[in-house]
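I have placed the structure first, in the form of structure tokens, so that the comments after it can refer back to it.
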Amino acid sequence: MFAQLLTAYSAQSLKNDILSGAVVAVALVPEAIAFSLIAGVSPLVGLYTAFLLGLITALFGGKPGMISGATGSVAVVMVSLVATHGVEYLFFATILTGLIQVAFGLLRLAKFIRLVPQPAILGFVNGLAIVIALAQLPMFEGEGPVMYMLVAATMATMALLPRFTRAVPAGLVAIVVLSAITVLFDLDTKRVADLGSIAGDLPSFHWPEVPLSFETLKIVLPYAAVMAAVGLIESLLTLSVLDEMSGQKGNANKEAVALGAGNAACGMFGGMAGCAMIGQSIINFTSGGRGRLSGVTAAVLLILFVVSLSDLIGQIPIAVLVGIMFMVSVETFEWASFSRLRKMPKTDAFILVTVTVVTIFTDLAMAVIIGVIISALVFAWQHARVYTRTYIEGKRKIYEFDGPLFFASVQGFLDQFDTQNDPDEVVMDFKRARVMDSSGVEAIDKITRRYEETGKKLTIRHLSEDCKKLLKAAGKYCTYEEDDPTYKVAVDHEMYERR
């Protein structure tokens, strides 16, 4: 595997991936510790997650260069589980989370990420950028001017250095130089070691010490399902964002399988569930990391920090890492969305703003689900009309329809008919219309019964065989004519494709 990785590299890309991976490894440390504390577990649990999940997704994921590890969006789900039942139940839930995600990928369900509209993706990106920035603010508590100066120096380095050279990632230069200055002059500022000890051994196999019973499954399965959903949504949306930045499409199903395998491994080796990290992924991307070696480097260096270099990494000022994350926030935010807001339809603008706000105040999964629901309702409303043209053909009145007949357009469809004043023969022509669901079928049946009660003959044109079989009153009292379409009607929430 490693030989294949290296043979695909040029000297320049090899250097870029290794150096960018080093930057990411350092940036992962405070994040992993912070999210462990959120979940109520030891910092080593988050660090092991960053190593195991980061390594597996780097090697086998669907997007080279994408970084995965412990994340806040998944960590908040597990808080009550840890508080109520303990960390061993968390490990078991993490294994189940991974298995659910593997099944999701193997069943090729990642395509459903396409249901997330572009305004919702923009809102997700903007909301996450703001969340990244807000998450840094607690680091300033109890700090003096030194903290602010180091943050400013870090941001200036990352903004200005790339204008002169890209030989070395600006983030790595900021870490090395400002850490050296802090240690040399013994500056009074918070350091990584102040967050908690990161010293430890390599992760070892540990099967969760929980009863293997139906009661245990009832406890952990709801948490596992939510963690799996949140992790998949954040990972697949991060993949979409990186696809747009790189211009190269990743494999969403492959990413889901790798994510699940990584989470299952985390549960068996003392880690917690995680997913893709958009902040670290963008650090990697902007630092020049484009290949799998960047993620592998980040994971390997991280575990080296834990095993051998914890004292050295502990001296890095928190201010430098805060400055890097502030720059990530600036890079992540889709600034062009401000100009797009004035040009896009009001409904799309509303979705963008709503998803941004919900991401900030609740969580990513809720924001995306709300965005999809709003988009679906808007789409249904905009298409909730069947256009009707009527004319006389001999002694018959013809109703020609244009548009989809489904639950949202049924009432408008029913209002088009004048059963009392229509002639004795009536034709409904569906050549330019399509019956989309069982509500549409029921509407045709309802109209058929109305005409049958008035003793009038009803003929239906251009209706699919599938639709005819579902009709009850119309199937009994109607006649059909002309060629029929071959589409199928969606019934019982199953949407069939056009044959």
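Just remember, in the structure tokens the first chain shown is A, the second B, etc., residues are 1-based per chain, and ligands are 1-based in the order shown.
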Near range 411-423 of chain A, within 9 Å and counting only C-alpha atoms, which residues show up once chain neighbours fewer than 3 positions away are dropped, as a CSV table (one decimal) with N, CA and C atoms, in the first residue's frame?
```
chain,number,residue,atom,x,y,z
A,384,ALA,N,-47.2,22.7,-7.9
A,384,ALA,CA,-48.5,22.2,-7.4
A,384,ALA,C,-49.6,22.7,-8.3
A,385,ARG,N,-49.5,22.6,-9.6
A,385,ARG,CA,-50.5,23.1,-10.5
A,385,ARG,C,-50.5,22.3,-11.8
A,386,VAL,N,-51.7,21.8,-12.1
A,386,VAL,CA,-51.9,21.1,-13.4
A,386,VAL,C,-52.6,22.0,-14.3
A,387,TYR,N,-52.0,22.4,-15.4
A,387,TYR,CA,-52.6,23.4,-16.3
A,387,TYR,C,-53.6,22.6,-17.2
A,388,THR,N,-54.8,23.2,-17.4
A,388,THR,CA,-55.8,22.6,-18.2
A,388,THR,C,-56.3,23.4,-19.4
A,395,LYS,N,-69.3,16.0,-30.2
A,395,LYS,CA,-70.2,16.1,-29.1
A,395,LYS,C,-69.5,15.9,-27.7
A,396,ARG,N,-68.2,15.8,-27.8
A,396,ARG,CA,-67.4,15.5,-26.6
A,396,ARG,C,-66.6,16.7,-26.1
A,397,LYS,N,-66.5,16.9,-24.8
A,397,LYS,CA,-65.7,17.9,-24.2
A,397,LYS,C,-64.3,17.3,-23.8
A,399,TYR,N,-60.7,17.6,-21.9
A,399,TYR,CA,-59.9,18.2,-20.9
A,399,TYR,C,-58.4,17.7,-21.2
A,401,PHE,N,-54.5,18.1,-20.0
A,401,PHE,CA,-53.7,18.4,-18.8
A,401,PHE,C,-52.2,18.5,-19.1
A,405,LEU,N,-49.5,15.4,-11.7
A,405,LEU,CA,-50.6,15.2,-10.8
A,405,LEU,C,-50.1,14.5,-9.6
A,407,PHE,N,-49.9,14.8,-4.9
A,407,PHE,CA,-50.6,15.3,-3.7
A,407,PHE,C,-50.8,16.8,-3.6
A,408,ALA,N,-49.8,17.6,-4.1
A,408,ALA,CA,-49.9,19.0,-3.9
A,408,ALA,C,-50.8,19.6,-5.0
A,426,VAL,N,-67.3,13.0,-22.1
A,426,VAL,CA,-66.1,13.8,-21.6
A,426,VAL,C,-64.8,12.9,-21.8
A,443,ALA,N,-57.5,11.0,-7.1
A,443,ALA,CA,-58.2,12.1,-7.7
A,443,ALA,C,-59.0,11.7,-9.0
A,444,ILE,N,-58.3,10.9,-9.8
A,444,ILE,CA,-58.9,10.4,-11.1
A,444,ILE,C,-60.2,9.6,-10.7
A,446,LYS,N,-62.0,9.8,-8.1
A,446,LYS,CA,-63.0,10.7,-7.6
A,446,LYS,C,-63.8,11.4,-8.7
A,447,ILE,N,-63.1,11.9,-9.7
A,447,ILE,CA,-63.8,12.5,-10.8
A,447,ILE,C,-64.6,11.5,-11.6
A,450,ARG,N,-67.9,11.0,-9.9
A,450,ARG,CA,-68.8,12.2,-10.1
A,450,ARG,C,-69.5,12.1,-11.5
A,451,TYR,N,-68.7,11.8,-12.5
A,451,TYR,CA,-69.4,11.7,-13.8
A,451,TYR,C,-70.3,10.5,-13.9
A,454,THR,N,-73.7,11.3,-12.5
A,454,THR,CA,-74.5,12.1,-13.4
A,454,THR,C,-74.9,11.4,-14.6
A,456,LYS,N,-72.9,10.3,-17.1
A,456,LYS,CA,-72.1,10.7,-18.3
A,456,LYS,C,-71.0,9.7,-18.5
```
Which residues of range 219-247 of chain A have any atom within 8 Å of an atom in range 76-85 of chain A when counting only C-alpha atoms, and what is the closest pair of atoms for each, with the distance in Å to one decimal? Order the rows by chain and rising number and write it as a tab-separated table.
```
residue	atom	partner	partner_atom	distance
A:Val220	CA	A:Leu81	CA	7.8
A:Tyr223	CA	A:Met78	CA	6.8
A:Val226	CA	A:Val77	CA	7.3
A:Met227	CA	A:Val77	CA	6.5
```
Only C-alpha atoms, please: the residues just picked out, written as a CSV table (one decimal), in the first residue's frame.
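Saved to out37.csv:
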```csv
chain,number,residue,atom,x,y,z
A,220,VAL,CA,-26.9,2.1,22.2
A,223,TYR,CA,-27.2,6.9,19.7
A,226,VAL,CA,-27.8,9.4,15.1
A,227,MET,CA,-24.0,9.4,15.2
```
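Residues of range 400-494 of chain A that DSSP, applied to the backbone, places in strand (DSSP E): Glu400, Phe401, Asp402, Gly403, Pro404, Leu405, Glu425, Val426, Val427, Met428, Asp429, Phe430, Lys431, Arg432, Ala433, Arg434, Val435, Lys457, Leu458, Thr459, Ile460, Arg461, Thr479, Tyr480 and Glu481 of chain A.
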Once you have the residues from the selection above, write them out as a PDB file, in the first residue's frame, restricted to C-alpha atoms.
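That gives us part30.pdb:
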```
ATOM      1  CA  GLU A 400     -56.130  18.324 -21.783  1.00  0.00           C
ATOM      2  CA  PHE A 401     -53.741  18.440 -18.831  1.00  0.00           C
ATOM      3  CA  ASP A 402     -50.169  19.628 -18.590  1.00  0.00           C
ATOM      4  CA  GLY A 403     -48.048  19.098 -15.474  1.00  0.00           C
ATOM      5  CA  PRO A 404     -47.583  16.605 -12.638  1.00  0.00           C
ATOM      6  CA  LEU A 405     -50.617  15.234 -10.836  1.00  0.00           C
ATOM      7  CA  GLU A 425     -69.349  12.546 -23.201  1.00  0.00           C
ATOM      8  CA  VAL A 426     -66.114  13.782 -21.616  1.00  0.00           C
ATOM      9  CA  VAL A 427     -62.486  12.973 -22.395  1.00  0.00           C
ATOM     10  CA  MET A 428     -59.519  13.443 -20.020  1.00  0.00           C
ATOM     11  CA  ASP A 429     -56.229  13.583 -21.950  1.00  0.00           C
ATOM     12  CA  PHE A 430     -53.021  12.977 -19.940  1.00  0.00           C
ATOM     13  CA  LYS A 431     -50.630  13.143 -22.908  1.00  0.00           C
ATOM     14  CA  ARG A 432     -48.688  16.090 -21.412  1.00  0.00           C
ATOM     15  CA  ALA A 433     -49.335  15.188 -17.769  1.00  0.00           C
ATOM     16  CA  ARG A 434     -48.006  12.522 -15.477  1.00  0.00           C
ATOM     17  CA  VAL A 435     -49.710  10.849 -12.545  1.00  0.00           C
ATOM     18  CA  LYS A 457     -69.544   8.717 -20.228  1.00  0.00           C
ATOM     19  CA  LEU A 458     -65.879   9.333 -19.379  1.00  0.00           C
ATOM     20  CA  THR A 459     -62.962   8.374 -21.586  1.00  0.00           C
ATOM     21  CA  ILE A 460     -59.325   8.631 -20.538  1.00  0.00           C
ATOM     22  CA  ARG A 461     -56.485   9.076 -23.001  1.00  0.00           C
ATOM     23  CA  THR A 479     -63.011   3.523 -21.319  1.00  0.00           C
ATOM     24  CA  TYR A 480     -59.476   4.204 -22.569  1.00  0.00           C
ATOM     25  CA  GLU A 481     -58.147   5.189 -25.960  1.00  0.00           C
TER      26      GLU A 481
END
```
Can you list every residue in range 101-193 of chain A that DSSP puts in alpha helix (DSSP H), as a compact mmCIF listing (two decimals) with N, CA and C atoms, in the first residue's frame?
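What landed in out-v6.txt:
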```txt
# COMPACT_ATOMS: atom_id res chain seq x y z
N GLN A 101 -22.62 2.72 8.90
CA GLN A 101 -22.03 3.52 7.82
C GLN A 101 -21.45 2.63 6.71
N VAL A 102 -20.86 1.49 7.08
CA VAL A 102 -20.36 0.56 6.07
C VAL A 102 -21.52 0.05 5.22
N ALA A 103 -22.63 -0.33 5.89
CA ALA A 103 -23.81 -0.80 5.16
C ALA A 103 -24.34 0.28 4.22
N PHE A 104 -24.35 1.52 4.70
CA PHE A 104 -24.81 2.66 3.88
C PHE A 104 -23.98 2.76 2.60
N GLY A 105 -22.67 2.63 2.73
CA GLY A 105 -21.81 2.73 1.55
C GLY A 105 -21.94 1.53 0.63
N LEU A 106 -21.99 0.31 1.21
CA LEU A 106 -22.10 -0.89 0.38
C LEU A 106 -23.42 -0.93 -0.39
N GLN A 118 -28.00 23.17 -3.49
CA GLN A 118 -26.81 24.01 -3.42
C GLN A 118 -26.93 25.12 -2.36
N PRO A 119 -28.07 25.80 -2.21
CA PRO A 119 -28.16 26.81 -1.15
C PRO A 119 -27.94 26.22 0.24
N ALA A 120 -28.39 24.97 0.45
CA ALA A 120 -28.18 24.33 1.74
C ALA A 120 -26.70 24.03 1.97
N ILE A 121 -25.99 23.63 0.90
CA ILE A 121 -24.55 23.38 1.01
C ILE A 121 -23.81 24.67 1.34
N LEU A 122 -24.20 25.76 0.67
CA LEU A 122 -23.58 27.05 0.97
C LEU A 122 -23.85 27.46 2.42
N GLY A 123 -25.07 27.23 2.87
CA GLY A 123 -25.42 27.55 4.26
C GLY A 123 -24.64 26.70 5.23
N PHE A 124 -24.46 25.43 4.91
CA PHE A 124 -23.67 24.53 5.75
C PHE A 124 -22.23 25.03 5.86
N VAL A 125 -21.64 25.42 4.73
CA VAL A 125 -20.25 25.89 4.72
C VAL A 125 -20.11 27.17 5.55
N ASN A 126 -21.02 28.11 5.32
CA ASN A 126 -20.95 29.37 6.07
C ASN A 126 -21.19 29.17 7.56
N GLY A 127 -22.17 28.35 7.89
CA GLY A 127 -22.46 28.09 9.30
C GLY A 127 -21.29 27.41 9.99
N LEU A 128 -20.68 26.44 9.30
CA LEU A 128 -19.56 25.74 9.89
C LEU A 128 -18.35 26.66 10.06
N ALA A 129 -18.15 27.57 9.11
CA ALA A 129 -17.06 28.54 9.24
C ALA A 129 -17.25 29.40 10.49
N ILE A 130 -18.47 29.83 10.72
CA ILE A 130 -18.75 30.63 11.92
C ILE A 130 -18.58 29.82 13.18
N VAL A 131 -19.03 28.54 13.15
CA VAL A 131 -18.87 27.67 14.30
C VAL A 131 -17.39 27.46 14.63
N ILE A 132 -16.57 27.27 13.60
CA ILE A 132 -15.13 27.09 13.81
C ILE A 132 -14.54 28.30 14.51
N ALA A 133 -14.94 29.49 14.06
CA ALA A 133 -14.43 30.72 14.68
C ALA A 133 -14.93 30.87 16.12
N LEU A 134 -16.22 30.62 16.34
CA LEU A 134 -16.77 30.76 17.69
C LEU A 134 -16.16 29.76 18.67
N ALA A 135 -15.79 28.58 18.16
CA ALA A 135 -15.20 27.55 19.03
C ALA A 135 -13.85 27.97 19.59
N GLN A 136 -13.22 28.96 18.95
CA GLN A 136 -11.90 29.41 19.43
C GLN A 136 -12.01 30.43 20.55
N PRO A 145 -2.44 40.21 26.67
CA PRO A 145 -2.07 40.73 25.34
C PRO A 145 -1.22 39.77 24.51
N VAL A 146 -0.43 38.93 25.17
CA VAL A 146 0.45 38.00 24.44
C VAL A 146 -0.38 37.09 23.54
N MET A 147 -1.48 36.61 24.07
CA MET A 147 -2.36 35.73 23.29
C MET A 147 -2.82 36.42 22.02
N TYR A 148 -3.27 37.65 22.14
CA TYR A 148 -3.79 38.38 20.99
C TYR A 148 -2.68 38.66 19.97
N MET A 149 -1.49 38.99 20.47
CA MET A 149 -0.38 39.27 19.56
C MET A 149 0.04 38.01 18.78
N LEU A 150 0.06 36.86 19.46
CA LEU A 150 0.43 35.62 18.79
C LEU A 150 -0.62 35.20 17.77
N VAL A 151 -1.89 35.39 18.12
CA VAL A 151 -2.96 35.09 17.15
C VAL A 151 -2.82 35.96 15.91
N ALA A 152 -2.60 37.26 16.13
CA ALA A 152 -2.45 38.19 15.02
C ALA A 152 -1.22 37.84 14.18
N ALA A 153 -0.11 37.48 14.85
CA ALA A 153 1.11 37.13 14.12
C ALA A 153 0.89 35.87 13.29
N THR A 154 0.17 34.91 13.83
CA THR A 154 -0.12 33.67 13.08
C THR A 154 -0.95 33.96 11.84
N MET A 155 -2.00 34.74 12.02
CA MET A 155 -2.87 35.06 10.88
C MET A 155 -2.12 35.86 9.83
N ALA A 156 -1.26 36.79 10.27
CA ALA A 156 -0.48 37.58 9.32
C ALA A 156 0.48 36.68 8.54
N THR A 157 1.11 35.73 9.24
CA THR A 157 2.03 34.80 8.58
C THR A 157 1.30 33.98 7.52
N MET A 158 0.13 33.48 7.86
CA MET A 158 -0.61 32.64 6.93
C MET A 158 -1.18 33.43 5.76
N ALA A 159 -1.44 34.71 5.98
CA ALA A 159 -1.97 35.55 4.91
C ALA A 159 -0.88 36.07 3.98
N LEU A 160 0.29 36.39 4.54
CA LEU A 160 1.32 37.08 3.75
C LEU A 160 2.38 36.15 3.17
N ALA A 170 2.51 27.83 5.17
CA ALA A 170 2.57 28.97 6.08
C ALA A 170 2.19 28.59 7.50
N GLY A 171 1.25 27.66 7.65
CA GLY A 171 0.86 27.23 8.99
C GLY A 171 1.99 26.57 9.74
N LEU A 172 2.80 25.77 9.03
CA LEU A 172 3.93 25.10 9.67
C LEU A 172 4.98 26.12 10.10
N VAL A 173 5.22 27.13 9.26
CA VAL A 173 6.17 28.19 9.61
C VAL A 173 5.70 28.91 10.87
N ALA A 174 4.41 29.23 10.92
CA ALA A 174 3.86 29.93 12.10
C ALA A 174 4.03 29.08 13.35
N ILE A 175 3.76 27.79 13.25
CA ILE A 175 3.88 26.90 14.42
C ILE A 175 5.31 26.86 14.93
N VAL A 176 6.26 26.63 14.00
CA VAL A 176 7.66 26.46 14.40
C VAL A 176 8.24 27.77 14.95
N VAL A 177 8.07 28.87 14.21
CA VAL A 177 8.69 30.14 14.58
C VAL A 177 8.08 30.70 15.86
N LEU A 178 6.77 30.76 15.93
CA LEU A 178 6.13 31.37 17.09
C LEU A 178 6.24 30.49 18.34
N SER A 179 6.29 29.17 18.15
CA SER A 179 6.52 28.29 19.30
C SER A 179 7.93 28.50 19.84
N ALA A 180 8.90 28.63 18.94
CA ALA A 180 10.28 28.87 19.37
C ALA A 180 10.40 30.19 20.14
N ILE A 181 9.74 31.23 19.63
CA ILE A 181 9.77 32.53 20.31
C ILE A 181 9.12 32.42 21.69
N THR A 182 8.01 31.72 21.77
CA THR A 182 7.30 31.56 23.05
C THR A 182 8.16 30.86 24.08
N VAL A 183 8.83 29.77 23.66
CA VAL A 183 9.68 29.02 24.58
C VAL A 183 10.93 29.82 24.94
N LEU A 184 11.54 30.45 23.93
CA LEU A 184 12.79 31.19 24.14
C LEU A 184 12.61 32.33 25.14
```
* **Selected residue, from A:Phe92, A:Leu212, A:Pro64, A:Val168, that lies nearest to Asp243 in chain A when counting only C-alpha atoms** => A:Pro64
* **Interatomic distance, CA of Ala27 in chain A to CA of Ser281 in chain A (Å, one decimal)** =>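 Calculated distance between CA of Ala27 in chain A and CA of Ser281 in chain A is 10.8 Å.
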* **Of the listed residues A:Val368, A:Ala225, A:Val87, A:Leu52, that which approaches Ile303 in chain A most closely, counting only C-alpha atoms** =>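 Of the candidates, the smallest distance to Ile303 in chain A is held by A:Leu52.
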* **Distance criterion (only C-alpha atoms): nearest to Val23 in chain A out of A:Asn253, A:Ser36, A:Thr286, A:Ser235** =>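 Nearest to Val23 in chain A: A:Thr286.
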* Asked: Between A:Leu312, A:Leu239, A:Ala34, A:Ile198, which one has atoms that come closest to Tyr48 in chain A, using only C-alpha atoms?
  ->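 Among A:Leu312, A:Leu239, A:Ala34, A:Ile198, it is A:Ile198 that comes nearest to Tyr48 in chain A.
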* Structure fact -> note - CA of Val307 in chain A and CA of Phe285 in chain A are separated by 27.0 Å
* Write out as a ChimeraX atom specification which residues come within 9 Å of range 254-268 of chain A when counting only C-alpha atoms, dropping same-chain ones fewer than 5 positions away. => /A:45,48-49,52-63,68,90-106,108,110,204-208,228,231-232,235-236,239,273-276
Take the residues from that selection and put them in a file with C-alpha atoms, as a short mmCIF file (atom, residue, chain, number, x, y, z; two decimals), in the first residue's frame.
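File produced: again01.cif:
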```cif
data_model
loop_
_atom_site.label_atom_id
_atom_site.label_comp_id
_atom_site.auth_asym_id
_atom_site.auth_seq_id
_atom_site.Cartn_x
_atom_site.Cartn_y
_atom_site.Cartn_z
CA VAL A 45 -9.88 8.71 23.40
CA TYR A 48 -6.80 7.64 19.26
CA THR A 49 -9.85 8.49 17.15
CA LEU A 52 -7.23 5.45 13.69
CA LEU A 53 -10.02 7.14 11.77
CA GLY A 54 -7.61 9.53 10.07
CA LEU A 55 -5.33 6.70 8.94
CA ILE A 56 -8.06 4.40 7.64
CA THR A 57 -9.95 7.10 5.74
CA ALA A 58 -6.69 8.49 4.35
CA LEU A 59 -5.76 5.08 2.94
CA PHE A 60 -9.16 3.85 1.78
CA GLY A 61 -11.48 6.89 1.61
CA GLY A 62 -13.15 8.29 -1.45
CA LYS A 63 -11.31 11.63 -1.46
CA SER A 68 -11.18 12.71 9.43
CA LEU A 90 -19.72 4.50 23.97
CA PHE A 91 -17.16 2.09 22.49
CA PHE A 92 -19.94 -0.38 21.63
CA ALA A 93 -22.08 2.39 20.11
CA THR A 94 -19.07 3.46 18.04
CA ILE A 95 -18.74 -0.05 16.59
CA LEU A 96 -22.44 -0.06 15.65
CA THR A 97 -22.05 3.42 14.15
CA GLY A 98 -19.30 2.10 11.91
CA LEU A 99 -21.31 -0.93 10.81
CA ILE A 100 -24.28 1.26 9.89
CA GLN A 101 -22.03 3.52 7.82
CA VAL A 102 -20.36 0.56 6.07
CA ALA A 103 -23.81 -0.80 5.16
CA PHE A 104 -24.81 2.66 3.88
CA GLY A 105 -21.81 2.73 1.55
CA LEU A 106 -22.10 -0.89 0.38
CA ARG A 108 -24.62 2.70 -2.53
CA ALA A 110 -24.47 7.99 -0.70
CA SER A 204 -4.51 -1.65 21.77
CA PHE A 205 -7.43 -3.94 21.02
CA HIS A 206 -10.19 -3.66 23.58
CA TRP A 207 -13.61 -5.19 23.09
CA PRO A 208 -16.23 -3.10 24.94
CA ALA A 228 -23.91 7.46 11.91
CA GLY A 231 -21.08 11.57 10.53
CA LEU A 232 -22.26 10.63 7.05
CA SER A 235 -18.38 13.72 5.69
CA LEU A 236 -20.29 13.69 2.42
CA LEU A 239 -16.40 15.77 0.26
CA ALA A 273 -16.99 7.92 16.64
CA GLY A 274 -15.90 10.72 14.32
CA CYS A 275 -16.17 11.91 10.75
CA ALA A 276 -14.58 14.24 8.20
#
```
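Each of A:Gly144, A:Gly46, A:Gly65, A:Pro211 was checked against Val24 in chain A using only C-alpha atoms; the smallest atom-to-atom distance is that of A:Gly65.
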* Non-local contacts of Ser310 in chain A (9 Å; only C-alpha atoms; under 6 positions in same chain excluded) as a list in words -> Ala193, Ser197, Ile198, Ala199, Gly200 and Leu304 of chain A
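Compared by their closest atoms to Leu37 in chain A, and using only C-alpha atoms, the residues A:Leu195, A:Ala22, A:Val306, A:Ala167 rank with A:Leu195 nearest.
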